[in-house]
file input24.csv (CSV, C-alpha atoms)
chain,number,residue,atom,x,y,z
A,28,MET,CA,103.2,96.1,39.7
A,29,ASN,CA,106.4,94.2,40.7
A,30,ASN,CA,107.6,97.1,42.7
A,31,TRP,CA,108.4,95.1,45.9
A,32,LEU,CA,110.8,92.4,46.9
A,33,PHE,CA,111.4,90.4,50.1
A,34,TYR,CA,114.7,90.8,51.8
A,35,ASN,CA,115.6,89.2,55.1
A,36,GLY,CA,112.2,89.4,56.6
A,37,GLU,CA,111.0,92.7,55.1
A,38,VAL,CA,109.2,93.7,52.0
A,39,ILE,CA,111.0,96.7,50.5
A,40,PRO,CA,110.9,98.7,47.2
A,41,VAL,CA,112.8,96.9,44.4
A,42,GLU,CA,115.1,99.8,43.9
A,43,THR,CA,116.5,99.6,47.5
A,44,PRO,CA,120.2,98.7,47.5
A,45,ILE,CA,120.7,95.4,49.3
A,46,ILE,CA,124.0,94.0,48.1
A,47,SER,CA,127.4,95.4,48.9
A,48,ALA,CA,130.6,95.0,46.9
A,49,ASN,CA,131.9,92.5,49.5
A,50,ASN,CA,128.9,90.1,49.2
A,51,ARG,CA,130.1,86.6,48.6
A,52,GLY,CA,127.2,85.8,46.3
A,53,LEU,CA,128.3,88.7,44.1
A,54,ARG,CA,132.1,88.0,44.3
A,55,PHE,CA,132.1,84.2,44.2
A,56,GLY,CA,128.6,83.0,43.3
A,57,ASP,CA,128.3,81.7,46.8
A,58,GLY,CA,124.6,80.8,47.1
A,59,LEU,CA,121.6,79.0,45.7
A,60,PHE,CA,118.3,79.9,44.1
A,61,GLU,CA,114.9,78.4,43.4
A,62,THR,CA,112.5,79.3,40.6
A,63,ILE,CA,108.9,78.6,41.9
A,64,LYS,CA,105.6,78.8,40.1
A,65,VAL,CA,102.6,80.2,41.9
A,66,ILE,CA,99.1,79.6,40.5
A,67,ARG,CA,96.2,81.4,42.2
A,68,GLY,CA,97.7,81.0,45.7
A,69,GLU,CA,99.0,77.5,45.1
A,70,MET,CA,102.6,76.4,44.6
A,71,PRO,CA,102.9,73.1,42.7
A,72,LEU,CA,106.0,71.0,43.7
A,73,PHE,CA,106.8,73.5,46.5
A,74,HIS,CA,107.8,70.6,48.8
A,75,LEU,CA,110.3,69.5,46.2
A,76,HIS,CA,111.8,73.0,46.0
A,77,MET,CA,112.2,73.1,49.7
A,78,GLU,CA,113.8,69.7,49.8
A,79,ARG,CA,116.3,70.7,47.1
A,80,LEU,CA,117.0,74.0,48.9
A,81,THR,CA,117.6,72.3,52.2
A,82,LYS,CA,120.0,69.7,50.7
A,83,GLY,CA,121.8,72.5,48.9
A,84,LEU,CA,122.3,74.6,52.0
A,85,ALA,CA,123.7,71.5,53.8
A,86,VAL,CA,126.2,70.9,51.0
A,87,LEU,CA,127.3,74.5,51.1
A,88,ASN,CA,127.3,74.5,54.9
A,89,THR,CA,125.1,77.6,54.8
A,90,GLN,CA,122.5,78.5,57.4
A,91,LEU,CA,119.3,80.5,57.4
A,92,PRO,CA,117.7,81.8,60.6
A,93,GLU,CA,115.4,79.2,62.3
A,94,LYS,CA,112.3,81.1,61.4
A,95,TYR,CA,112.8,80.3,57.7
A,96,THR,CA,110.6,77.2,57.7
A,97,ALA,CA,108.8,76.0,54.6
A,98,ASP,CA,105.6,77.5,56.0
A,99,TYR,CA,107.3,80.9,56.7
A,100,ILE,CA,108.8,81.0,53.2
A,101,SER,CA,105.5,80.0,51.5
A,102,GLN,CA,103.7,82.7,53.3
A,103,ALA,CA,106.3,85.3,52.4
A,104,ILE,CA,106.0,84.3,48.8
A,105,LEU,CA,102.2,84.6,48.7
A,106,GLU,CA,102.3,87.9,50.6
A,107,LEU,CA,104.8,89.3,48.1
A,108,CYS,CA,102.7,88.2,45.1
A,109,ASN,CA,99.7,90.0,46.7
A,110,ARG,CA,101.8,93.1,47.4
A,111,ASN,CA,102.8,93.2,43.7
A,112,ASN,CA,99.2,92.7,42.6
A,113,ILE,CA,99.9,89.4,40.8
A,114,ASN,CA,96.5,87.8,40.6
A,115,GLY,CA,97.2,85.1,38.0
A,116,ALA,CA,100.3,82.9,37.7
A,117,ALA,CA,103.6,84.2,39.1
A,118,ARG,CA,107.3,83.4,38.6
A,119,VAL,CA,109.1,83.6,41.9
A,120,ARG,CA,112.8,83.6,42.4
A,121,LEU,CA,114.1,82.8,45.8
A,122,THR,CA,117.8,83.6,46.2
A,123,VAL,CA,120.1,82.7,49.1
A,124,VAL,CA,123.5,84.3,49.4
A,125,ARG,CA,126.0,83.8,52.2
A,126,GLY,CA,126.7,87.4,52.9
A,127,ASN,CA,129.7,89.6,53.1
A,128,GLY,CA,133.2,88.3,53.6
A,129,THR,CA,136.4,87.0,52.0
A,130,LEU,CA,136.9,83.7,50.2
A,131,PHE,CA,138.0,82.1,53.5
A,132,ALA,CA,135.5,83.6,56.0
A,133,THR,CA,132.2,85.3,56.2
A,134,ASP,CA,131.3,88.2,58.5
A,135,GLU,CA,127.7,86.9,59.1
A,136,LEU,CA,126.4,83.8,60.8
A,137,PHE,CA,123.3,83.5,58.6
A,138,ALA,CA,122.8,83.8,54.9
A,139,SER,CA,120.6,86.4,53.3
A,140,ILE,CA,117.4,85.6,51.5
A,141,ILE,CA,115.9,87.5,48.6
A,142,ILE,CA,112.5,86.8,47.1
A,143,GLN,CA,111.3,88.4,43.8
A,144,ALA,CA,107.9,87.9,42.1
A,145,GLU,CA,106.7,88.7,38.6
A,146,PRO,CA,103.7,87.7,36.4
A,147,LEU,CA,104.2,84.4,34.5
A,148,ALA,CA,103.2,84.5,30.8
A,149,GLY,CA,99.7,83.3,30.2
A,150,ASP,CA,100.8,80.4,27.9
A,151,TYR,CA,102.8,78.6,30.6
A,152,LEU,CA,100.4,75.6,30.5
A,153,VAL,CA,100.0,75.5,26.7
A,154,PHE,CA,101.6,72.7,24.8
A,155,ASN,CA,104.3,74.2,22.5
A,156,GLU,CA,103.1,72.8,19.2
A,157,THR,CA,105.8,74.3,17.1
A,158,GLY,CA,108.5,72.5,19.1
A,159,LEU,CA,111.9,73.6,20.2
A,160,ILE,CA,115.1,73.6,18.2
A,161,ILE,CA,118.2,72.7,20.3
A,162,ASP,CA,121.8,71.8,20.0
A,163,VAL,CA,124.9,71.2,22.3
A,164,CYS,CA,127.0,74.1,23.5
A,165,PRO,CA,130.6,73.5,22.4
A,166,GLY,CA,133.6,74.3,24.6
A,167,ILE,CA,131.7,74.0,27.9
A,168,GLN,CA,131.9,71.0,30.2
A,169,LYS,CA,130.4,70.6,33.7
A,170,SER,CA,132.1,68.6,36.4
A,171,CYS,CA,130.4,65.7,38.1
A,172,ASP,CA,130.8,66.3,41.8
A,173,GLN,CA,128.7,67.2,44.9
A,174,LEU,CA,128.2,70.7,43.6
A,175,SER,CA,126.9,69.7,40.1
A,176,ASN,CA,123.3,69.0,41.1
A,177,LEU,CA,122.8,72.2,43.0
A,178,LYS,CA,120.8,75.1,41.6
A,179,SER,CA,123.8,77.3,42.3
A,180,ASN,CA,124.3,81.1,41.9
A,181,ASN,CA,127.5,80.0,40.1
A,182,TYR,CA,125.6,79.5,36.9
A,183,LEU,CA,128.3,80.4,34.3
A,184,PRO,CA,128.1,77.1,32.2
A,185,TYR,CA,124.4,77.7,31.6
A,186,VAL,CA,125.0,81.5,31.0
A,187,MET,CA,127.4,80.6,28.2
A,188,ALA,CA,125.1,77.9,26.8
A,189,ALA,CA,122.2,80.4,26.8
A,190,GLN,CA,124.4,82.9,24.9
A,191,TYR,CA,125.3,80.3,22.4
A,192,ALA,CA,121.6,79.4,21.9
A,193,TRP,CA,120.7,83.1,21.3
A,194,GLN,CA,123.6,83.7,18.9
A,195,HIS,CA,122.7,80.6,16.8
A,196,GLN,CA,118.9,81.1,16.8
A,197,LEU,CA,118.3,78.1,19.0
A,198,ASN,CA,115.5,77.8,21.6
A,199,ASP,CA,117.8,76.1,24.1
A,200,CYS,CA,121.3,74.5,24.4
A,201,LEU,CA,122.4,71.4,26.1
A,202,VAL,CA,125.5,71.3,28.4
A,203,LEU,CA,127.9,68.4,28.3
A,204,ASN,CA,130.0,66.9,31.2
A,205,ALA,CA,133.7,66.1,31.2
A,206,HIS,CA,132.8,62.7,29.5
A,207,ASN,CA,131.1,64.5,26.6
A,208,ARG,CA,127.8,63.2,27.7
A,209,ILE,CA,124.7,65.3,28.2
A,210,CYS,CA,123.9,66.9,31.7
A,211,ASP,CA,120.9,69.1,31.0
A,212,GLY,CA,119.8,72.3,29.3
A,213,THR,CA,120.2,75.9,30.3
A,214,ILE,CA,117.1,75.9,32.5
A,215,ALA,CA,115.7,72.4,32.0
A,216,ASN,CA,116.4,68.7,32.3
A,217,VAL,CA,116.3,66.5,29.2
A,218,PHE,CA,114.2,63.4,28.6
A,219,ARG,CA,114.3,61.1,25.5
A,220,VAL,CA,112.0,58.4,24.3
A,221,HIS,CA,113.2,55.2,22.6
A,222,GLN,CA,110.4,52.9,21.5
A,223,ASN,CA,108.1,52.8,24.5
A,224,SER,CA,110.7,53.7,27.2
A,225,ILE,CA,111.6,57.1,28.6
A,226,TYR,CA,115.1,58.0,29.7
A,227,THR,CA,116.8,60.9,31.5
A,228,PRO,CA,120.5,61.3,32.5
A,229,PRO,CA,121.2,60.3,36.1
A,230,LEU,CA,122.3,63.1,38.5
A,231,SER,CA,125.7,61.5,38.6
A,232,GLU,CA,126.2,62.9,35.1
A,233,GLY,CA,126.3,66.4,36.5
A,234,GLY,CA,122.9,67.9,35.8
A,235,VAL,CA,120.9,70.1,38.1
A,236,ALA,CA,118.4,68.2,40.2
A,237,GLY,CA,115.2,69.6,38.7
A,238,VAL,CA,112.0,69.4,40.7
A,239,MET,CA,109.9,68.6,37.6
A,240,ARG,CA,112.4,65.9,36.8
A,241,GLN,CA,112.0,64.4,40.2
A,242,TYR,CA,108.2,64.6,40.0
A,243,LEU,CA,108.1,62.8,36.7
A,244,LEU,CA,110.5,60.1,37.9
A,245,THR,CA,108.1,59.4,40.7
A,246,GLU,CA,104.8,59.8,38.9
A,247,LEU,CA,105.5,58.2,35.4
A,248,PRO,CA,105.9,54.7,36.8
A,249,LYS,CA,102.6,55.1,38.7
A,250,ALA,CA,100.9,55.9,35.5
A,251,GLY,CA,102.3,52.7,33.8
A,252,TYR,CA,105.2,54.3,31.9
A,253,THR,CA,108.7,52.7,31.8
A,254,VAL,CA,111.2,55.4,32.8
A,255,GLN,CA,114.9,54.9,33.6
A,256,GLU,CA,117.9,57.1,34.5
A,257,LYS,CA,120.5,56.3,31.8
A,258,ILE,CA,123.6,58.2,30.5
A,259,CYS,CA,122.9,60.1,27.3
A,260,THR,CA,125.3,61.1,24.5
A,261,PRO,CA,124.5,63.4,21.6
A,262,GLU,CA,124.4,60.3,19.4
A,263,ASP,CA,121.7,58.9,21.7
A,264,LEU,CA,119.6,61.9,21.1
A,265,GLU,CA,120.0,61.5,17.3
A,266,THR,CA,118.5,58.0,17.5
A,267,ALA,CA,115.6,58.9,19.8
A,268,ASN,CA,112.0,58.9,18.7
A,269,GLU,CA,111.0,61.9,20.8
A,270,VAL,CA,112.7,64.4,23.1
A,271,PHE,CA,111.3,66.8,25.7
A,272,LEU,CA,112.7,69.3,28.3
A,273,THR,CA,111.3,69.8,31.8
A,274,ASN,CA,111.3,72.6,34.4
A,275,ALA,CA,109.1,73.8,37.2
A,276,LEU,CA,107.6,76.7,35.3
A,277,PHE,CA,106.5,75.2,32.0
A,278,GLY,CA,106.5,71.6,32.9
A,279,ILE,CA,107.1,69.7,29.7
A,280,ARG,CA,108.2,71.2,26.4
A,281,TRP,CA,108.5,69.3,23.2
A,282,VAL,CA,111.8,69.4,21.2
A,283,ARG,CA,111.1,69.3,17.5
A,284,GLN,CA,114.7,69.2,16.3
A,285,PHE,CA,118.2,68.4,17.5
A,286,ARG,CA,120.8,69.1,14.9
A,287,ASN,CA,119.4,67.3,11.8
A,288,LYS,CA,117.1,65.0,13.7
A,289,ILE,CA,113.4,65.8,13.6
A,290,TYR,CA,111.2,64.3,16.3
A,291,SER,CA,107.6,63.3,16.5
A,292,ASN,CA,105.5,64.3,19.6
A,293,LYS,CA,102.9,61.6,20.0
A,294,LEU,CA,103.9,60.5,23.5
A,295,VAL,CA,105.1,64.0,24.6
A,296,THR,CA,101.6,65.4,23.8
A,297,ILE,CA,100.0,62.7,25.9
A,298,LEU,CA,102.5,63.3,28.8
A,299,HIS,CA,101.8,67.0,28.7
A,300,SER,CA,98.1,66.5,28.8
A,301,GLN,CA,98.4,63.9,31.6
A,302,PHE,CA,100.9,65.6,33.9
A,303,ILE,CA,100.7,69.3,33.1
A,304,GLY,CA,97.2,70.0,31.8
A,305,SER,CA,95.8,73.1,30.3
call {"tool": "encode", "arguments": {"input": "input24.csv", "output": "structure tokens"}}
result
Amino acid sequence: MNNWLFYNGEVIPVETPIISANNRGLRFGDGLFETIKVIRGEMPLFHLHMERLTKGLAVLNTQLPEKYTADYISQAILELCNRNNINGAARVRLTVVRGNGTLFATDELFASIIIQAEPLAGDYLVFNETGLIIDVCPGIQKSCDQLSNLKSNNYLPYVMAAQYAWQHQLNDCLVLNAHNRICDGTIANVFRVHQNSIYTPPLSEGGVAGVMRQYLLTELPKAGYTVQEKICTPEDLETANEVFLTNALFGIRWVRQFRNKIYSNKLVTILHSQFIGS
């Protein structure tokens, strides 16, 4: 199982060398990635993943061959899952790297694409009743520019935040921007509940443009909820009633504690049941 990957149109053994020392993705983090959930041949939010990937490629001035349409990519993902005998849910990582070259020039017209697939843990839809414990990563600040919202291979701020979380027995860690306001978590966007309103930081604050975040911003108002994009400081989290994190794989995860603040989960439980299911 999981013995195959997709690389530039071919399915090859995972141990096959594919990246040279001159690869710009390796040397400079020059590329993008998407983490996509597959459930029994279906890919929830796939269109949002493709929208984000397309926008990111445009920002980076990176091109894929014309055949890499959404249909082609979706078919490649499903065929790879089948090749790896993944019959349940799968976690798929799609990586795009520009190719070989120097900082100023690339040797190749088109970027390379790598797709990996592995089974997703069976509890991916289960509400996390014990809740997460989170804090802010000190000493790391993200910029707020046209690169900030990309799901970029240059992931160092989140790598450092994840290390801090692991070292301090936290479930996740939040990353601040240069204004000491909250961007997002290591692999998730952050939402907070004040009274009956739901808030999440605007993308201008520097967070990654999460697909589950986008989905909820669209669907919550349709279901009658008040949701707004609003800047968030650590102090705002300490006065919130509830907090939850979102990403494409696990949907909504309840945060039980931020620093000394303990949260309830009444609304988060309802949202998870309504938008994620079991």
call {"tool": "residues_around", "arguments": {"input": "input24.csv", "residues": "Glu156 in chain A", "least_positions_apart": "3", "cutoff": "10 Å", "atoms": "all atoms listed in the file", "output": "count of residues only"}}
result
8
call {"tool": "residues_around", "arguments": {"input": "input24.csv", "residues": "Val217 in chain A", "least_positions_apart": "2", "cutoff": "7 Å", "atoms": "all atoms listed in the file", "output": "JSON, numbers by chain"}}
result
{"A": [211, 212, 215, 219, 227, 271, 272, 273]}
call {"tool": "write_last_selection", "arguments": {"input": "input24.csv", "atoms": "C-alpha atoms", "output": "PDB file, in the frame of the given file"}}
result
ATOM      1  CA  ASP A 211     120.900  69.100  31.000  1.00  0.00           C
ATOM      2  CA  GLY A 212     119.800  72.300  29.300  1.00  0.00           C
ATOM      3  CA  ALA A 215     115.700  72.400  32.000  1.00  0.00           C
ATOM      4  CA  ARG A 219     114.300  61.100  25.500  1.00  0.00           C
ATOM      5  CA  THR A 227     116.800  60.900  31.500  1.00  0.00           C
ATOM      6  CA  PHE A 271     111.300  66.800  25.700  1.00  0.00           C
ATOM      7  CA  LEU A 272     112.700  69.300  28.300  1.00  0.00           C
ATOM      8  CA  THR A 273     111.300  69.800  31.800  1.00  0.00           C
TER       9      THR A 273
END
call {"tool": "residues_around", "arguments": {"input": "input24.csv", "residues": "Gly68 in chain A", "least_positions_apart": "2", "cutoff": "9 Å", "atoms": "only C-alpha atoms", "output": "number ranges by chain"}}
result
A: 65-66, 70, 105, 108, 114-116
call {"tool": "atom_distance", "arguments": {"input": "input24.csv", "atom1": "CA of Val254 in chain A", "atom2": "CA of Leu203 in chain A"}}
result
21.6 Å
call {"tool": "closest_residue", "arguments": {"input": "input24.csv", "among": "A:Gln102, A:Lys257, A:Ser300, A:Gly126", "to": "Glu69 in chain A", "atoms": "all atoms listed in the file"}}
result
A:Gln102
call {"tool": "closest_atom_pairs", "arguments": {"input": "input24.csv", "of": "range 75-166 of chain A", "to": "range 28-43 of chain A", "cutoff": "10 Å", "atoms": "all atoms listed in the file", "output": "JSON lines"}}
result
{"residue": "A:Leu91", "atom": "CA", "partner": "A:Asn35", "partner_atom": "CA", "distance": 9.7}
{"residue": "A:Pro92", "atom": "CA", "partner": "A:Asn35", "partner_atom": "CA", "distance": 9.5}
{"residue": "A:Lys94", "atom": "CA", "partner": "A:Gly36", "partner_atom": "CA", "distance": 9.6}
{"residue": "A:Tyr95", "atom": "CA", "partner": "A:Gly36", "partner_atom": "CA", "distance": 9.2}
{"residue": "A:Tyr99", "atom": "CA", "partner": "A:Gly36", "partner_atom": "CA", "distance": 9.8}
{"residue": "A:Ile100", "atom": "CA", "partner": "A:Gly36", "partner_atom": "CA", "distance": 9.7}
{"residue": "A:Ala103", "atom": "CA", "partner": "A:Phe33", "partner_atom": "CA", "distance": 7.6}
{"residue": "A:Ile104", "atom": "CA", "partner": "A:Phe33", "partner_atom": "CA", "distance": 8.2}
{"residue": "A:Glu106", "atom": "CA", "partner": "A:Val38", "partner_atom": "CA", "distance": 9.1}
{"residue": "A:Leu107", "atom": "CA", "partner": "A:Leu32", "partner_atom": "CA", "distance": 6.9}
{"residue": "A:Cys108", "atom": "CA", "partner": "A:Asn29", "partner_atom": "CA", "distance": 8.3}
{"residue": "A:Asn109", "atom": "CA", "partner": "A:Met28", "partner_atom": "CA", "distance": 9.9}
{"residue": "A:Arg110", "atom": "CA", "partner": "A:Trp31", "partner_atom": "CA", "distance": 7.1}
{"residue": "A:Asn111", "atom": "CA", "partner": "A:Asn29", "partner_atom": "CA", "distance": 4.8}
{"residue": "A:Asn112", "atom": "CA", "partner": "A:Met28", "partner_atom": "CA", "distance": 6.0}
{"residue": "A:Ile113", "atom": "CA", "partner": "A:Met28", "partner_atom": "CA", "distance": 7.5}
{"residue": "A:Leu121", "atom": "CA", "partner": "A:Phe33", "partner_atom": "CA", "distance": 9.1}
{"residue": "A:Thr122", "atom": "CA", "partner": "A:Tyr34", "partner_atom": "CA", "distance": 9.6}
{"residue": "A:Val123", "atom": "CA", "partner": "A:Asn35", "partner_atom": "CA", "distance": 9.9}
{"residue": "A:Ala138", "atom": "CA", "partner": "A:Asn35", "partner_atom": "CA", "distance": 9.0}
{"residue": "A:Ser139", "atom": "CA", "partner": "A:Asn35", "partner_atom": "CA", "distance": 6.0}
{"residue": "A:Ile140", "atom": "CA", "partner": "A:Asn35", "partner_atom": "CA", "distance": 5.4}
{"residue": "A:Ile141", "atom": "CA", "partner": "A:Tyr34", "partner_atom": "CA", "distance": 4.8}
{"residue": "A:Ile142", "atom": "CA", "partner": "A:Phe33", "partner_atom": "CA", "distance": 4.8}
{"residue": "A:Gln143", "atom": "CA", "partner": "A:Leu32", "partner_atom": "CA", "distance": 5.1}
{"residue": "A:Ala144", "atom": "CA", "partner": "A:Asn29", "partner_atom": "CA", "distance": 6.6}
{"residue": "A:Glu145", "atom": "CA", "partner": "A:Asn29", "partner_atom": "CA", "distance": 5.9}
{"residue": "A:Pro146", "atom": "CA", "partner": "A:Asn29", "partner_atom": "CA", "distance": 8.2}
call {"tool": "closest_residue", "arguments": {"input": "input24.csv", "among": "A:Arg208, A:Gly149, A:Arg125, A:Thr133", "to": "Pro165 in chain A", "atoms": "only C-alpha atoms"}}
result
A:Arg208
call {"tool": "atom_distance", "arguments": {"input": "input24.csv", "atom1": "CA of Lys293 in chain A", "atom2": "CA of Pro248 in chain A"}}
result
18.4 Å
call {"tool": "atom_distance", "arguments": {"input": "input24.csv", "atom1": "CA of Met77 in chain A", "atom2": "CA of Val220 in chain A"}}
result
29.3 Å
call {"tool": "closest_atom_pairs", "arguments": {"input": "input24.csv", "of": "range 38-75 of chain A", "to": "range 181-201 of chain A", "cutoff": "10 Å", "atoms": "all atoms listed in the file", "output": "tab-separated table"}}
result
residue	atom	partner	partner_atom	distance
A:Gly52	CA	A:Asn181	CA	8.5
A:Leu53	CA	A:Asn181	CA	9.6
A:Phe55	CA	A:Asn181	CA	7.5
A:Gly56	CA	A:Asn181	CA	4.5
A:Asp57	CA	A:Asn181	CA	7.0
A:Gly58	CA	A:Asn181	CA	7.6
A:Leu59	CA	A:Asn181	CA	8.2
call {"tool": "write_last_selection", "arguments": {"input": "input24.csv", "atoms": "C-alpha atoms", "output": "compact mmCIF listing (two decimals), keeping the file's coordinate frame"}}
result
# COMPACT_ATOMS: atom_id res chain seq x y z
CA GLY A 52 127.20 85.80 46.30
CA LEU A 53 128.30 88.70 44.10
CA PHE A 55 132.10 84.20 44.20
CA GLY A 56 128.60 83.00 43.30
CA ASP A 57 128.30 81.70 46.80
CA GLY A 58 124.60 80.80 47.10
CA LEU A 59 121.60 79.00 45.70
call {"tool": "closest_residue", "arguments": {"input": "input24.csv", "among": "A:Gln301, A:Ser47, A:Ser175, A:Thr260", "to": "Pro228 in chain A", "atoms": "only C-alpha atoms"}}
result
A:Thr260
call {"tool": "residues_around", "arguments": {"input": "input24.csv", "residues": "Phe277 in chain A", "least_positions_apart": "5", "cutoff": "9 Å", "atoms": "all atoms listed in the file", "output": "ChimeraX atom specification"}}
result
/A:64,150-153,303
call {"tool": "closest_residue", "arguments": {"input": "input24.csv", "among": "A:Lys82, A:Arg54, A:Arg67, A:His74", "to": "Val238 in chain A", "atoms": "all atoms listed in the file"}}
result
A:His74
call {"tool": "closest_residue", "arguments": {"input": "input24.csv", "among": "A:His76, A:Asn88, A:Pro71, A:Asn207", "to": "Phe302 in chain A", "atoms": "only C-alpha atoms"}}
result
A:Pro71
